[in-house]
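Below is structure-v3.pdb, which holds PDB, C-alpha atoms.
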MODEL        1
ATOM      1  CA  MET A  11      24.456 222.404 156.754  1.00  0.00           C
ATOM      2  CA  GLY A  12      21.598 220.087 157.564  1.00  0.00           C
ATOM      3  CA  ASP A  13      18.110 221.255 158.382  1.00  0.00           C
ATOM      4  CA  VAL A  14      17.781 219.105 161.510  1.00  0.00           C
ATOM      5  CA  LEU A  15      20.282 218.949 164.324  1.00  0.00           C
ATOM      6  CA  GLN A  16      19.942 215.834 166.450  1.00  0.00           C
ATOM      7  CA  PHE A  17      20.955 216.139 170.077  1.00  0.00           C
ATOM      8  CA  PRO A  18      20.958 213.529 172.804  1.00  0.00           C
ATOM      9  CA  LYS A  19      18.507 215.719 174.764  1.00  0.00           C
ATOM     10  CA  CYS A  20      15.743 215.687 172.119  1.00  0.00           C
ATOM     11  CA  GLY A  21      12.298 214.552 173.127  1.00  0.00           C
ATOM     12  CA  ARG A  22      11.798 216.868 176.090  1.00  0.00           C
ATOM     13  CA  ASN A  23      11.312 220.578 176.607  1.00  0.00           C
ATOM     14  CA  VAL A  24      14.553 222.492 176.937  1.00  0.00           C
ATOM     15  CA  SER A  25      15.083 225.831 178.650  1.00  0.00           C
ATOM     16  CA  ASN A  26      16.215 228.919 176.749  1.00  0.00           C
ATOM     17  CA  TRP A  27      19.695 228.522 178.217  1.00  0.00           C
ATOM     18  CA  GLU A  28      19.876 224.870 177.069  1.00  0.00           C
ATOM     19  CA  ALA A  29      18.611 225.841 173.614  1.00  0.00           C
ATOM     20  CA  ARG A  30      21.325 228.504 173.304  1.00  0.00           C
ATOM     21  CA  GLU A  31      23.951 226.047 174.530  1.00  0.00           C
ATOM     22  CA  LEU A  32      22.812 223.273 172.184  1.00  0.00           C
ATOM     23  CA  THR A  33      22.839 225.577 169.163  1.00  0.00           C
ATOM     24  CA  SER A  34      26.130 227.311 169.975  1.00  0.00           C
ATOM     25  CA  ALA A  35      28.985 227.204 167.487  1.00  0.00           C
ATOM     26  CA  ASN A  36      31.077 224.944 169.727  1.00  0.00           C
ATOM     27  CA  THR A  37      28.305 222.372 170.120  1.00  0.00           C
ATOM     28  CA  TRP A  38      27.534 222.561 166.405  1.00  0.00           C
ATOM     29  CA  LYS A  39      31.173 221.811 165.580  1.00  0.00           C
ATOM     30  CA  LYS A  40      31.097 218.794 167.913  1.00  0.00           C
ATOM     31  CA  TYR A  41      28.000 217.196 166.430  1.00  0.00           C
ATOM     32  CA  CYS A  42      28.016 218.322 162.804  1.00  0.00           C
ATOM     33  CA  ARG A  43      31.295 217.453 161.142  1.00  0.00           C
ATOM     34  CA  GLU A  44      30.266 218.462 157.625  1.00  0.00           C
ATOM     35  CA  LEU A  45      32.801 219.536 155.022  1.00  0.00           C
ATOM     36  CA  ASP A  46      32.126 222.345 152.581  1.00  0.00           C
ATOM     37  CA  ALA A  47      32.838 222.671 148.851  1.00  0.00           C
ATOM     38  CA  LEU A  48      36.259 224.268 149.434  1.00  0.00           C
ATOM     39  CA  HIS A  49      37.396 221.311 151.513  1.00  0.00           C
ATOM     40  CA  LEU A  50      36.165 218.925 148.826  1.00  0.00           C
ATOM     41  CA  THR A  51      37.972 220.791 146.059  1.00  0.00           C
ATOM     42  CA  GLU A  52      41.139 220.668 148.150  1.00  0.00           C
ATOM     43  CA  ILE A  53      40.784 216.882 148.432  1.00  0.00           C
ATOM     44  CA  VAL A  54      40.017 216.414 144.727  1.00  0.00           C
ATOM     45  CA  GLN A  55      42.926 218.638 143.744  1.00  0.00           C
ATOM     46  CA  LYS A  56      45.334 216.639 145.927  1.00  0.00           C
ATOM     47  CA  LEU A  57      44.160 213.371 144.381  1.00  0.00           C
ATOM     48  CA  THR A  58      43.691 214.330 140.730  1.00  0.00           C
ATOM     49  CA  GLY A  59      45.575 217.574 140.215  1.00  0.00           C
ATOM     50  CA  TYR A  60      42.482 219.362 138.837  1.00  0.00           C
ATOM     51  CA  SER A  61      41.545 222.692 140.407  1.00  0.00           C
ATOM     52  CA  ILE A  62      37.951 223.862 140.841  1.00  0.00           C
ATOM     53  CA  GLY A  63      38.365 226.073 137.777  1.00  0.00           C
ATOM     54  CA  GLU A  64      39.278 223.062 135.656  1.00  0.00           C
ATOM     55  CA  LEU A  65      36.398 221.013 137.086  1.00  0.00           C
ATOM     56  CA  ARG A  66      33.973 223.795 136.142  1.00  0.00           C
ATOM     57  CA  LYS A  67      35.123 223.881 132.489  1.00  0.00           C
ATOM     58  CA  ASP A  68      33.247 222.124 129.702  1.00  0.00           C
ATOM     59  CA  GLY A  69      35.887 219.426 129.032  1.00  0.00           C
ATOM     60  CA  ARG A  70      34.810 215.788 128.759  1.00  0.00           C
ATOM     61  CA  LYS A  71      38.165 214.041 128.943  1.00  0.00           C
ATOM     62  CA  PRO A  72      37.854 210.794 130.941  1.00  0.00           C
ATOM     63  CA  HIS A  73      40.217 211.892 133.715  1.00  0.00           C
ATOM     64  CA  MET A  74      38.363 215.185 134.143  1.00  0.00           C
ATOM     65  CA  VAL A  75      34.997 213.404 134.246  1.00  0.00           C
ATOM     66  CA  ASP A  76      36.421 211.024 136.870  1.00  0.00           C
ATOM     67  CA  ALA A  77      37.573 214.036 138.921  1.00  0.00           C
ATOM     68  CA  ARG A  78      34.074 215.548 138.728  1.00  0.00           C
ATOM     69  CA  GLN A  79      32.541 212.213 139.682  1.00  0.00           C
ATOM     70  CA  LEU A  80      34.904 212.004 142.643  1.00  0.00           C
ATOM     71  CA  PHE A  81      33.791 215.486 143.749  1.00  0.00           C
ATOM     72  CA  VAL A  82      30.121 214.482 143.486  1.00  0.00           C
ATOM     73  CA  LEU A  83      30.571 211.211 145.379  1.00  0.00           C
ATOM     74  CA  LEU A  84      32.525 212.909 148.161  1.00  0.00           C
ATOM     75  CA  ALA A  85      29.972 215.729 148.338  1.00  0.00           C
ATOM     76  CA  ARG A  86      27.084 213.278 148.670  1.00  0.00           C
ATOM     77  CA  GLU A  87      28.922 211.335 151.375  1.00  0.00           C
ATOM     78  CA  HIS A  88      30.458 214.152 153.452  1.00  0.00           C
ATOM     79  CA  THR A  89      27.955 217.018 153.062  1.00  0.00           C
ATOM     80  CA  THR A  90      24.223 217.550 153.081  1.00  0.00           C
ATOM     81  CA  TYR A  91      24.421 219.388 149.766  1.00  0.00           C
ATOM     82  CA  SER A  92      21.526 218.819 147.392  1.00  0.00           C
ATOM     83  CA  TYR A  93      22.028 218.003 143.713  1.00  0.00           C
ATOM     84  CA  PRO A  94      21.415 221.639 142.674  1.00  0.00           C
ATOM     85  CA  LYS A  95      23.941 222.943 145.206  1.00  0.00           C
ATOM     86  CA  ILE A  96      26.617 220.491 143.992  1.00  0.00           C
ATOM     87  CA  ALA A  97      25.717 221.408 140.407  1.00  0.00           C
ATOM     88  CA  ILE A  98      26.303 225.101 141.124  1.00  0.00           C
ATOM     89  CA  ALA A  99      29.755 224.303 142.525  1.00  0.00           C
ATOM     90  CA  LEU A 100      30.616 222.399 139.323  1.00  0.00           C
ATOM     91  CA  ASN A 101      28.854 224.783 136.898  1.00  0.00           C
ATOM     92  CA  ARG A 102      26.561 221.963 135.775  1.00  0.00           C
ATOM     93  CA  ASP A 103      22.879 221.078 135.728  1.00  0.00           C
ATOM     94  CA  HIS A 104      21.559 219.038 138.666  1.00  0.00           C
ATOM     95  CA  THR A 105      20.705 216.155 136.313  1.00  0.00           C
ATOM     96  CA  SER A 106      24.359 215.975 135.267  1.00  0.00           C
ATOM     97  CA  VAL A 107      25.292 215.610 138.927  1.00  0.00           C
ATOM     98  CA  MET A 108      22.700 212.855 139.346  1.00  0.00           C
ATOM     99  CA  HIS A 109      24.169 211.061 136.325  1.00  0.00           C
ATOM    100  CA  LEU A 110      27.706 211.379 137.720  1.00  0.00           C
ATOM    101  CA  GLU A 111      26.584 209.839 141.000  1.00  0.00           C
ATOM    102  CA  LYS A 112      24.945 206.855 139.281  1.00  0.00           C
ATOM    103  CA  ARG A 113      27.679 206.393 136.658  1.00  0.00           C
ATOM    104  CA  LYS A 114      29.673 203.159 136.891  1.00  0.00           C
ATOM    105  CA  GLN A 115      32.930 203.659 138.759  1.00  0.00           C
ATOM    106  CA  SER A 116      36.198 202.718 137.099  1.00  0.00           C
ATOM    107  CA  PRO A 117      38.789 200.830 139.196  1.00  0.00           C
ATOM    108  CA  GLU A 118      40.959 203.970 139.219  1.00  0.00           C
ATOM    109  CA  LEU A 119      38.058 206.014 140.549  1.00  0.00           C
ATOM    110  CA  GLU A 120      37.339 203.459 143.280  1.00  0.00           C
ATOM    111  CA  ALA A 121      40.942 203.778 144.461  1.00  0.00           C
ATOM    112  CA  LEU A 122      40.677 207.579 144.361  1.00  0.00           C
ATOM    113  CA  LEU A 123      37.398 207.421 146.292  1.00  0.00           C
ATOM    114  CA  LYS A 124      38.972 205.333 149.067  1.00  0.00           C
ATOM    115  CA  ALA A 125      41.848 207.803 149.297  1.00  0.00           C
ATOM    116  CA  GLY A 126      39.315 210.664 149.236  1.00  0.00           C
ATOM    117  CA  HIS A 127      37.444 209.248 152.236  1.00  0.00           C
ATOM    118  CA  ILE A 128      40.715 208.970 154.144  1.00  0.00           C
ATOM    119  CA  LEU A 129      41.655 212.562 153.265  1.00  0.00           C
ATOM    120  CA  ALA A 130      38.147 213.734 154.202  1.00  0.00           C
ATOM    121  CA  GLY A 131      38.608 212.160 157.628  1.00  0.00           C
ATOM    122  CA  ASP A 132      41.947 213.949 157.977  1.00  0.00           C
ATOM    123  CA  VAL A 133      40.397 217.280 156.959  1.00  0.00           C
ATOM    124  CA  LYS A 134      37.531 216.802 159.431  1.00  0.00           C
ATOM    125  CA  GLU A 135      40.017 216.082 162.199  1.00  0.00           C
ATOM    126  CA  ARG A 136      42.045 219.169 161.247  1.00  0.00           C
ATOM    127  CA  VAL A 137      39.018 221.470 161.020  1.00  0.00           C
ATOM    128  CA  PHE A 138      36.725 220.120 163.761  1.00  0.00           C
ATOM    129  CA  GLY A 139      39.094 218.274 166.059  1.00  0.00           C
ATOM    130  CA  PRO A 140      38.681 214.662 167.166  1.00  0.00           C
ATOM    131  CA  PRO A 141      35.207 213.124 166.859  1.00  0.00           C
ATOM    132  CA  VAL A 142      32.845 213.313 169.824  1.00  0.00           C
ATOM    133  CA  VAL A 143      32.119 209.923 171.323  1.00  0.00           C
TER
ENDMDL
END

Could the structure of this file be written out as structure tokens, please?
Amino acid sequence: MGDVLQFPKCGRNVSNWEARELTSANTWKKYCRELDALHLTEIVQKLTGYSIGELRKDGRKPHMVDARQLFVLLAREHTTYSYPKIAIALNRDHTSVMHLEKRKQSPELEALLKAGHILAGDVKERVFGPPVV
């Protein structure tokens, strides 16, 4: 989760009651719609067929590398995870994750990424409910 939570009431002193209300689990779920690594692995597995165990292996087959790259791109877009935290999830070094993010995307990966963003939106709706307007 992110270090800073931005509320519409920022910029003025808030009472203890307001502070408790603003930091409650229900308010957090309304404002912070961040996925976690398990949600991302679910999305990647639906799209590519690779489980988290397979993504963590040492294989360098092009389809497996594309699946890892998809995980990294979705993690950077839909979480506040740092490179080291993503690297731990994939059993890699943080520089490998940085390389995967900057690596040129194949046309197949671009299609998977679009589908991944759609699935991420569906997962967010399922987990957090409709977005707050």

Could you tell me, as an NGL selection string, exactly which residues end up selected when the PyMOL selection byres ((chain A and resi 129-135) around 10) is applied to this structure? :A and (43-45 or 49-50 or 52-54 or 56-57 or 84 or 87-88 or 123-128 or 136-141)

Give as a PDB file with C-alpha atoms, in the frame of the given file the set of residues within 12 Å of the point (24.9, 219.8, 144.1), where distances use the file's coordinates and only C-alpha atoms.
ATOM      1  CA  ASP A  46      32.126 222.345 152.581  1.00  0.00           C
ATOM      2  CA  ALA A  47      32.838 222.671 148.851  1.00  0.00           C
ATOM      3  CA  ARG A  78      34.074 215.548 138.728  1.00  0.00           C
ATOM      4  CA  GLN A  79      32.541 212.213 139.682  1.00  0.00           C
ATOM      5  CA  PHE A  81      33.791 215.486 143.749  1.00  0.00           C
ATOM      6  CA  VAL A  82      30.121 214.482 143.486  1.00  0.00           C
ATOM      7  CA  LEU A  83      30.571 211.211 145.379  1.00  0.00           C
ATOM      8  CA  LEU A  84      32.525 212.909 148.161  1.00  0.00           C
ATOM      9  CA  ALA A  85      29.972 215.729 148.338  1.00  0.00           C
ATOM     10  CA  ARG A  86      27.084 213.278 148.670  1.00  0.00           C
ATOM     11  CA  GLU A  87      28.922 211.335 151.375  1.00  0.00           C
ATOM     12  CA  THR A  89      27.955 217.018 153.062  1.00  0.00           C
ATOM     13  CA  THR A  90      24.223 217.550 153.081  1.00  0.00           C
ATOM     14  CA  TYR A  91      24.421 219.388 149.766  1.00  0.00           C
ATOM     15  CA  SER A  92      21.526 218.819 147.392  1.00  0.00           C
ATOM     16  CA  TYR A  93      22.028 218.003 143.713  1.00  0.00           C
ATOM     17  CA  PRO A  94      21.415 221.639 142.674  1.00  0.00           C
ATOM     18  CA  LYS A  95      23.941 222.943 145.206  1.00  0.00           C
ATOM     19  CA  ILE A  96      26.617 220.491 143.992  1.00  0.00           C
ATOM     20  CA  ALA A  97      25.717 221.408 140.407  1.00  0.00           C
ATOM     21  CA  ILE A  98      26.303 225.101 141.124  1.00  0.00           C
ATOM     22  CA  ALA A  99      29.755 224.303 142.525  1.00  0.00           C
ATOM     23  CA  LEU A 100      30.616 222.399 139.323  1.00  0.00           C
ATOM     24  CA  ASN A 101      28.854 224.783 136.898  1.00  0.00           C
ATOM     25  CA  ARG A 102      26.561 221.963 135.775  1.00  0.00           C
ATOM     26  CA  ASP A 103      22.879 221.078 135.728  1.00  0.00           C
ATOM     27  CA  HIS A 104      21.559 219.038 138.666  1.00  0.00           C
ATOM     28  CA  THR A 105      20.705 216.155 136.313  1.00  0.00           C
ATOM     29  CA  SER A 106      24.359 215.975 135.267  1.00  0.00           C
ATOM     30  CA  VAL A 107      25.292 215.610 138.927  1.00  0.00           C
ATOM     31  CA  MET A 108      22.700 212.855 139.346  1.00  0.00           C
ATOM     32  CA  HIS A 109      24.169 211.061 136.325  1.00  0.00           C
ATOM     33  CA  LEU A 110      27.706 211.379 137.720  1.00  0.00           C
ATOM     34  CA  GLU A 111      26.584 209.839 141.000  1.00  0.00           C
TER      35      GLU A 111
END

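The gap separating atom CA of Lys67 of chain A from atom CA of Gln55 of chain A is 14.7 Å, in Å to one decimal.
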
Nearest residue to Glu118 of chain A from the set A:Glu64, A:Thr58, A:Arg70, A:Ser34 (distances using all atoms listed in the file):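 Of A:Glu64, A:Thr58, A:Arg70, A:Ser34, the one nearest Glu118 of chain A, counting all atoms listed in the file, is A:Thr58.
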
Calculate how many Å separate atom CA of Leu122 of chain A from atom CA of Asp76 of chain A, rounding to one decimal.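 So the two atoms, atom CA of Leu122 of chain A and atom CA of Asp76 of chain A, lie 9.3 Å apart.
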
Quote the spacing between atom CA of Pro117 of chain A and atom CA of Gly63 of chain A in Å to one decimal place.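 About the pair atom CA of Pro117 of chain A and atom CA of Gly63 of chain A: they are 25.3 Å apart.
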
Would you mind writing segment 109-143 of chain A with N, CA and C atoms, as a short mmCIF file (atom, residue, chain, number, x, y, z; two decimals), keeping the file's coordinate frame?
data_model
loop_
_atom_site.label_atom_id
_atom_site.label_comp_id
_atom_site.auth_asym_id
_atom_site.auth_seq_id
_atom_site.Cartn_x
_atom_site.Cartn_y
_atom_site.Cartn_z
N HIS A 109 23.57 212.05 137.22
CA HIS A 109 24.17 211.06 136.32
C HIS A 109 25.57 210.68 136.80
N LEU A 110 26.35 211.67 137.23
CA LEU A 110 27.71 211.38 137.72
C LEU A 110 27.67 210.47 138.95
N GLU A 111 26.67 210.67 139.80
CA GLU A 111 26.58 209.84 141.00
C GLU A 111 26.24 208.39 140.64
N LYS A 112 25.39 208.20 139.64
CA LYS A 112 24.94 206.86 139.28
C LYS A 112 25.86 206.17 138.27
N ARG A 113 26.77 206.92 137.68
CA ARG A 113 27.68 206.39 136.66
C ARG A 113 28.56 205.29 137.25
N LYS A 114 28.83 204.28 136.44
CA LYS A 114 29.67 203.16 136.89
C LYS A 114 31.06 203.68 137.23
N GLN A 115 31.62 203.19 138.31
CA GLN A 115 32.93 203.66 138.76
C GLN A 115 34.03 202.79 138.17
N SER A 116 35.04 203.44 137.61
CA SER A 116 36.20 202.72 137.10
C SER A 116 37.05 202.27 138.29
N PRO A 117 37.91 201.26 138.09
CA PRO A 117 38.79 200.83 139.20
C PRO A 117 39.68 201.96 139.71
N GLU A 118 40.13 202.84 138.79
CA GLU A 118 40.96 203.97 139.22
C GLU A 118 40.16 204.91 140.12
N LEU A 119 38.90 205.13 139.75
CA LEU A 119 38.06 206.01 140.55
C LEU A 119 37.78 205.41 141.92
N GLU A 120 37.57 204.10 141.98
CA GLU A 120 37.34 203.46 143.28
C GLU A 120 38.53 203.66 144.20
N ALA A 121 39.74 203.55 143.65
CA ALA A 121 40.94 203.78 144.46
C ALA A 121 41.01 205.24 144.91
N LEU A 122 40.68 206.16 143.99
CA LEU A 122 40.68 207.58 144.36
C LEU A 122 39.63 207.87 145.42
N LEU A 123 38.47 207.20 145.33
CA LEU A 123 37.40 207.42 146.29
C LEU A 123 37.81 206.96 147.69
N LYS A 124 38.48 205.80 147.76
CA LYS A 124 38.97 205.33 149.07
C LYS A 124 39.96 206.33 149.66
N ALA A 125 40.88 206.80 148.82
CA ALA A 125 41.85 207.80 149.30
C ALA A 125 41.13 209.10 149.67
N GLY A 126 40.08 209.46 148.93
CA GLY A 126 39.32 210.66 149.24
C GLY A 126 38.62 210.58 150.58
N HIS A 127 38.08 209.42 150.93
CA HIS A 127 37.44 209.25 152.24
C HIS A 127 38.47 209.38 153.36
N ILE A 128 39.65 208.85 153.14
CA ILE A 128 40.72 208.97 154.14
C ILE A 128 41.11 210.44 154.32
N LEU A 129 41.31 211.14 153.19
CA LEU A 129 41.66 212.56 153.26
C LEU A 129 40.53 213.38 153.89
N ALA A 130 39.28 213.02 153.60
CA ALA A 130 38.15 213.73 154.20
C ALA A 130 38.17 213.58 155.72
N GLY A 131 38.48 212.37 156.19
CA GLY A 131 38.61 212.16 157.63
C GLY A 131 39.72 213.01 158.23
N ASP A 132 40.84 213.11 157.50
CA ASP A 132 41.95 213.95 157.98
C ASP A 132 41.55 215.42 158.02
N VAL A 133 40.83 215.87 156.99
CA VAL A 133 40.40 217.28 156.96
C VAL A 133 39.41 217.55 158.09
N LYS A 134 38.49 216.62 158.33
CA LYS A 134 37.53 216.80 159.43
C LYS A 134 38.26 216.89 160.77
N GLU A 135 39.25 216.05 160.95
CA GLU A 135 40.02 216.08 162.20
C GLU A 135 40.75 217.41 162.34
N ARG A 136 41.32 217.90 161.22
CA ARG A 136 42.04 219.17 161.25
C ARG A 136 41.11 220.34 161.53
N VAL A 137 39.93 220.34 160.89
CA VAL A 137 39.02 221.47 161.02
C VAL A 137 38.20 221.42 162.31
N PHE A 138 37.67 220.24 162.65
CA PHE A 138 36.72 220.12 163.76
C PHE A 138 37.32 219.51 165.02
N GLY A 139 38.50 218.96 164.92
CA GLY A 139 39.09 218.27 166.06
C GLY A 139 38.65 216.81 166.09
N PRO A 140 39.05 216.09 167.11
CA PRO A 140 38.68 214.66 167.17
C PRO A 140 37.18 214.48 167.29
N PRO A 141 36.66 213.35 166.78
CA PRO A 141 35.21 213.12 166.86
C PRO A 141 34.73 213.00 168.30
N VAL A 142 33.48 213.42 168.51
CA VAL A 142 32.84 213.31 169.82
C VAL A 142 32.31 211.91 169.97
N VAL A 143 32.58 211.30 171.09
CA VAL A 143 32.12 209.92 171.32
C VAL A 143 30.85 209.92 172.12
#
